[in-house]
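Everything on this sheet refers to the single structure shown next.
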Amino acid sequence: MLDHYQIHLTRMLESEQYGEAKELLRFLLQCQGEDERHYEEWNSLLTWLDMAFPEGGGGDDGTGYVLAMPEKEPSEDTIRAELLNPPEQDETYINQVMYIMQNHPMIDQQMLALERAAYIQSEQVDATIVNWLVTKPVHPVVQFKALQCLRKRGAQGSLTIERLDEQVQLELDETPLSLDDFPSQINQILERAEQVAEVDDPTLPHFAKELWKESLQFLYGTAAYKWMLREDEGTVDCFAAALHLTLLLTVYGSANDDDIRDTYGITESLRFQYEQACRALRQVAVLQPSEPDEPQP
């Protein structure tokens with residue numbers, strides 16, 4: 001039953017049903033017999049939600065944060081920005097966001113805290129994020145989100161951190177904010193895989209794009225990523241074939257390696273590079289965050 005509530009809570013937060021999430025958290029805090037760490041986690045999350053989304057009255061008495069109702073329906077991006085950027089950003093709110101970013105056991109909550117941190121109007125936030133990335137072990141996906149947060153905040157300069165057991169040096173103002181921000185070689189790999197995959201199944205290009213985006217979040221800045229940036233067809237073929245193979249294994253649970261190599265023209269001279277590309281993407285699959293009802297790594 002606890003697993004059911006945890007999954008339900010995660011879905012509420014992902015869909016920004018914050019009022020319902022607070023009600024569920026209050027209910028969970030009244031339950032007896034659970035591990036103490038669960039109560040601490042629920043109380044911390046509820047405190048944060050209460051500060052970020054206080055319950056308002058009619059919307060014109062100034063007692064709470066209520067979204068304005070403009071004449072024209074606001075865009076999804078506008079609504080999200082307003083939700084992530086409450087008008088009251090006192091020291092308590094900032095400390096709470098920074099604490100969740102660094103200590104929350106759920107990766108999706110760390111990611112949400114980083115989205116909020118991009119809007120915080122405090123010079124101390126940049127230093128806090130940088131120090132955290134440099135001194136603490138951070139999941140690669142959360143690392144990448146933190147790098148994006150720093151770029152959104154206008155941070156510049158280089159930063160050396162450990163990613164996938166490598167010391168990598170990154171330029172903060174070059175962090176891609178979307179797939180289109182990546183160098184053209186990166187998108188050529190995806191386009192090659194999409195064109196081939198679509199022949200077998202028209203739905204596969206969508207999954208290929210999502211898998212590629214996830215892979216880039218892990219590999220950005222690493223030796224494998226730098227290898228992708230080589231401007232030669234062999235590199236594009238090797239990584240596109242590896243992406244296609246990983247895609248089939250993810251979606252269908254099986255794939256014919258020989259057929260993949262033939263389709264992409266992976267000759268014996270490219271065989272080693274292809275296998276290295278496959279190894280890099282398999283590493284990503286192993287490190288993927290667990291489902292909400294499973295323990296986080």
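We name chains A, B, ... following the order of the structure tokens; residues begin at 1 in each chain, and ligands are numbered from 1 as shown.
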With only C-alpha atoms as the counted atoms, please give the residues lying no more than 9 Å from segment 261-271 of chain A, apart from itself and same-chain residues fewer than 2 positions off, as a tab-separated table (two decimals) with N, CA, C and O atoms, in the first residue's frame.
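Generated file (part08.tsv):
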```tsv
chain	number	residue	atom	x	y	z
A	196	VAL	N	16.44	4.89	-40.46
A	196	VAL	CA	16.48	3.44	-40.61
A	196	VAL	C	15.37	2.78	-39.79
A	196	VAL	O	14.68	1.88	-40.26
A	234	GLY	N	31.93	7.28	-40.40
A	234	GLY	CA	32.09	6.07	-39.59
A	234	GLY	C	31.59	6.25	-38.18
A	234	GLY	O	30.92	5.37	-37.63
A	235	THR	N	31.89	7.40	-37.58
A	235	THR	CA	31.43	7.68	-36.22
A	235	THR	C	29.90	7.76	-36.18
A	235	THR	O	29.26	7.21	-35.28
A	237	ASP	N	27.78	6.35	-38.25
A	237	ASP	CA	27.23	5.01	-38.45
A	237	ASP	C	27.33	4.16	-37.19
A	237	ASP	O	26.38	3.45	-36.83
A	238	CYS	N	28.48	4.22	-36.52
A	238	CYS	CA	28.69	3.39	-35.33
A	238	CYS	C	27.72	3.75	-34.21
A	238	CYS	O	27.09	2.87	-33.60
A	240	ALA	N	24.89	5.54	-34.53
A	240	ALA	CA	23.51	5.34	-34.97
A	240	ALA	C	23.13	3.87	-34.86
A	240	ALA	O	22.01	3.53	-34.43
A	241	ALA	N	24.03	3.00	-35.25
A	241	ALA	CA	23.77	1.55	-35.14
A	241	ALA	C	23.64	1.13	-33.69
A	241	ALA	O	22.76	0.33	-33.33
A	256	ASN	N	18.79	-8.30	-33.51
A	256	ASN	CA	19.76	-9.09	-34.27
A	256	ASN	C	20.96	-8.20	-34.59
A	256	ASN	O	20.88	-7.31	-35.44
A	257	ASP	N	22.04	-8.45	-33.90
A	257	ASP	CA	23.23	-7.62	-34.04
A	257	ASP	C	23.78	-7.67	-35.47
A	257	ASP	O	24.22	-6.64	-36.01
A	258	ASP	N	23.77	-8.83	-36.08
A	258	ASP	CA	24.30	-8.97	-37.45
A	258	ASP	C	23.50	-8.11	-38.42
A	258	ASP	O	24.07	-7.45	-39.30
A	259	ASP	N	22.18	-8.13	-38.28
A	259	ASP	CA	21.33	-7.33	-39.18
A	259	ASP	C	21.60	-5.84	-39.00
A	259	ASP	O	21.63	-5.08	-39.97
A	273	GLN	N	34.94	0.07	-33.00
A	273	GLN	CA	34.31	1.35	-32.65
A	273	GLN	C	32.82	1.17	-32.37
A	273	GLN	O	32.26	1.78	-31.45
A	274	TYR	N	32.19	0.33	-33.16
A	274	TYR	CA	30.76	0.04	-32.96
A	274	TYR	C	30.52	-0.58	-31.59
A	274	TYR	O	29.59	-0.20	-30.86
A	275	GLU	N	31.35	-1.54	-31.23
A	275	GLU	CA	31.19	-2.22	-29.94
A	275	GLU	C	31.43	-1.25	-28.78
A	275	GLU	O	30.78	-1.34	-27.74
A	276	GLN	N	32.37	-0.31	-28.97
A	276	GLN	CA	32.60	0.70	-27.95
A	276	GLN	C	31.38	1.63	-27.80
A	276	GLN	O	31.01	2.00	-26.68
```
Could you build a table of the residues in segment 202-253 of chain A lying no more than 7 Å from segment 183-193 of chain A, giving for each the nearest pair of atoms and their separation in Å rounded to one decimal place, using only C-alpha atoms, ordered by chain and ascending residue number, as a tab-separated table?
```
residue	atom	partner	partner_atom	distance
A:Lys209	CA	A:Leu190	CA	6.8
A:Met228	CA	A:Ile186	CA	6.6
A:Leu229	CA	A:Gln185	CA	5.6
A:Glu231	CA	A:Gln185	CA	6.8
A:Val236	CA	A:Ile189	CA	5.1
A:Phe239	CA	A:Ile189	CA	6.4
A:Ala240	CA	A:Ala193	CA	4.9
A:Ala241	CA	A:Ala193	CA	6.8
A:Leu243	CA	A:Ala193	CA	6.9
A:His244	CA	A:Ala193	CA	5.9
```
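As for atom CA of Leu247 of chain A and atom CA of Ile161 of chain A, they are spaced 29.2 Å apart.
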List every residue of segment 43-245 of chain A that DSSP, applied to the backbone of this structure, assigns to strand (DSSP E or B), and report them as a ChimeraX atom specification.
-> /A:158-163,166-171
Those same residues, written as a PDB file, in the first residue's frame with N, CA, C and O atoms?
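As a result, selection_23.pdb now contains:
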```pdb
ATOM      1  N   SER A 158      34.645  27.793 -16.734  1.00  0.00           N
ATOM      2  CA  SER A 158      34.773  26.345 -16.840  1.00  0.00           C
ATOM      3  C   SER A 158      34.586  25.684 -15.480  1.00  0.00           C
ATOM      4  O   SER A 158      34.790  26.312 -14.432  1.00  0.00           O
ATOM      5  N   LEU A 159      34.194  24.425 -15.529  1.00  0.00           N
ATOM      6  CA  LEU A 159      33.959  23.649 -14.306  1.00  0.00           C
ATOM      7  C   LEU A 159      34.461  22.234 -14.541  1.00  0.00           C
ATOM      8  O   LEU A 159      34.124  21.605 -15.550  1.00  0.00           O
ATOM      9  N   THR A 160      35.264  21.734 -13.634  1.00  0.00           N
ATOM     10  CA  THR A 160      35.787  20.365 -13.724  1.00  0.00           C
ATOM     11  C   THR A 160      35.087  19.498 -12.689  1.00  0.00           C
ATOM     12  O   THR A 160      35.154  19.782 -11.485  1.00  0.00           O
ATOM     13  N   ILE A 161      34.393  18.471 -13.156  1.00  0.00           N
ATOM     14  CA  ILE A 161      33.682  17.559 -12.256  1.00  0.00           C
ATOM     15  C   ILE A 161      33.886  16.124 -12.732  1.00  0.00           C
ATOM     16  O   ILE A 161      34.392  15.884 -13.836  1.00  0.00           O
ATOM     17  N   GLU A 162      33.479  15.170 -11.904  1.00  0.00           N
ATOM     18  CA  GLU A 162      33.581  13.758 -12.268  1.00  0.00           C
ATOM     19  C   GLU A 162      32.255  13.287 -12.852  1.00  0.00           C
ATOM     20  O   GLU A 162      31.205  13.455 -12.238  1.00  0.00           O
ATOM     21  N   ARG A 163      32.322  12.735 -14.058  1.00  0.00           N
ATOM     22  CA  ARG A 163      31.142  12.186 -14.727  1.00  0.00           C
ATOM     23  C   ARG A 163      31.473  10.805 -15.247  1.00  0.00           C
ATOM     24  O   ARG A 163      32.415  10.631 -16.031  1.00  0.00           O
ATOM     25  N   GLU A 166      34.997   9.771 -14.941  1.00  0.00           N
ATOM     26  CA  GLU A 166      35.959  10.566 -15.696  1.00  0.00           C
ATOM     27  C   GLU A 166      35.995  11.986 -15.136  1.00  0.00           C
ATOM     28  O   GLU A 166      34.975  12.514 -14.709  1.00  0.00           O
ATOM     29  N   GLN A 167      37.171  12.586 -15.164  1.00  0.00           N
ATOM     30  CA  GLN A 167      37.291  14.007 -14.848  1.00  0.00           C
ATOM     31  C   GLN A 167      37.071  14.789 -16.136  1.00  0.00           C
ATOM     32  O   GLN A 167      37.846  14.664 -17.077  1.00  0.00           O
ATOM     33  N   VAL A 168      36.005  15.567 -16.189  1.00  0.00           N
ATOM     34  CA  VAL A 168      35.687  16.301 -17.409  1.00  0.00           C
ATOM     35  C   VAL A 168      35.652  17.799 -17.115  1.00  0.00           C
ATOM     36  O   VAL A 168      35.231  18.225 -16.036  1.00  0.00           O
ATOM     37  N   GLN A 169      36.130  18.585 -18.074  1.00  0.00           N
ATOM     38  CA  GLN A 169      36.096  20.040 -17.956  1.00  0.00           C
ATOM     39  C   GLN A 169      35.038  20.575 -18.900  1.00  0.00           C
ATOM     40  O   GLN A 169      35.046  20.284 -20.096  1.00  0.00           O
ATOM     41  N   LEU A 170      34.127  21.376 -18.367  1.00  0.00           N
ATOM     42  CA  LEU A 170      32.986  21.861 -19.137  1.00  0.00           C
ATOM     43  C   LEU A 170      32.905  23.372 -19.082  1.00  0.00           C
ATOM     44  O   LEU A 170      33.231  23.987 -18.058  1.00  0.00           O
ATOM     45  N   GLU A 171      32.462  23.965 -20.183  1.00  0.00           N
ATOM     46  CA  GLU A 171      32.197  25.400 -20.224  1.00  0.00           C
ATOM     47  C   GLU A 171      30.718  25.612 -19.901  1.00  0.00           C
ATOM     48  O   GLU A 171      29.840  25.141 -20.629  1.00  0.00           O
TER      49      GLU A 171
END
```
DSSP helix (DSSP H, G or I) residues within segment 6-53 of chain A, as number ranges by chain | A: 6-14, 18-30, 36-52
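For Asn131 of chain A, the non-local neighbours within 12 Å, defined as residues at least 4 positions apart in the same chain or in other chains and counting only C-alpha atoms, are A:Met98, A:Gln102, A:Gln124, A:Val125, A:Asp126, A:Ala127, A:Thr135, A:Lys136, A:Pro137, A:Val138, A:Ala146, A:Leu159, A:Thr160, A:Ile161.
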Quick one: everything within 10 Å of Gln195 of chain A, counting only C-alpha atoms, minus sequence neighbours fewer than 6 positions away in the same chain. Send it as a PyMOL selection string.
-> chain A and resi 202+204-205
Preceding selection exported with all heavy atoms as a compact mmCIF listing (two decimals), in the first residue's frame:
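Wrote out_33.txt, looks like this:
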```txt
# COMPACT_ATOMS: atom_id res chain seq x y z
N PRO A 202 6.98 2.77 -37.73
CA PRO A 202 6.84 4.23 -37.74
C PRO A 202 6.88 4.87 -36.35
O PRO A 202 7.11 6.08 -36.23
CB PRO A 202 5.47 4.45 -38.38
CG PRO A 202 5.20 3.21 -39.16
CD PRO A 202 5.84 2.11 -38.39
N LEU A 204 9.02 3.97 -33.94
CA LEU A 204 10.35 3.88 -33.34
C LEU A 204 11.12 5.20 -33.31
O LEU A 204 11.87 5.44 -32.35
CB LEU A 204 11.18 2.81 -34.06
CG LEU A 204 10.83 1.36 -33.73
CD1 LEU A 204 11.72 0.40 -34.51
CD2 LEU A 204 10.95 1.10 -32.23
N PRO A 205 10.99 6.08 -34.32
CA PRO A 205 11.74 7.33 -34.25
C PRO A 205 11.44 8.15 -32.99
O PRO A 205 12.34 8.78 -32.43
CB PRO A 205 11.28 8.08 -35.51
CG PRO A 205 10.99 6.98 -36.48
CD PRO A 205 10.37 5.90 -35.65
```
Where does segment 104-147 of chain A meet segment 38-58 of chain A within 12 Å, residue by residue, with the nearest atom pair and distance in Å to one decimal for each, counting only C-alpha atoms, listed by chain and rising number, as JSON lines?
```
{"residue": "A:His104", "atom": "CA", "partner": "A:Glu41", "partner_atom": "CA", "distance": 7.8}
{"residue": "A:Pro105", "atom": "CA", "partner": "A:Glu41", "partner_atom": "CA", "distance": 8.4}
{"residue": "A:Met106", "atom": "CA", "partner": "A:Glu41", "partner_atom": "CA", "distance": 9.8}
{"residue": "A:Gln109", "atom": "CA", "partner": "A:Leu45", "partner_atom": "CA", "distance": 9.0}
{"residue": "A:Gln110", "atom": "CA", "partner": "A:Leu45", "partner_atom": "CA", "distance": 11.3}
{"residue": "A:Leu112", "atom": "CA", "partner": "A:Trp48", "partner_atom": "CA", "distance": 11.7}
{"residue": "A:Ala113", "atom": "CA", "partner": "A:Trp48", "partner_atom": "CA", "distance": 10.0}
{"residue": "A:Arg116", "atom": "CA", "partner": "A:Ala52", "partner_atom": "CA", "distance": 9.7}
{"residue": "A:Ile120", "atom": "CA", "partner": "A:Ala52", "partner_atom": "CA", "distance": 12.0}
```
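Note that the spacing between atom CA of Ala277 of chain A and atom CA of Ala242 of chain A amounts to 5.9 Å.
Of the residues under consideration (A:Glu174, A:Ala280, A:Leu245, A:Thr250), A:Ala280 shows the shortest atom-to-atom contact distance to Thr222 of chain A when counting only C-alpha atoms.
Distance check against Val141 of chain A using only C-alpha atoms: of A:Leu216, A:Ile94, A:Ala255, A:Leu177, the minimum falls on A:Leu216.
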Length of the atom CA of Glu115 of chain A to atom CA of Phe27 of chain A vector [Å] = 27.0 Å
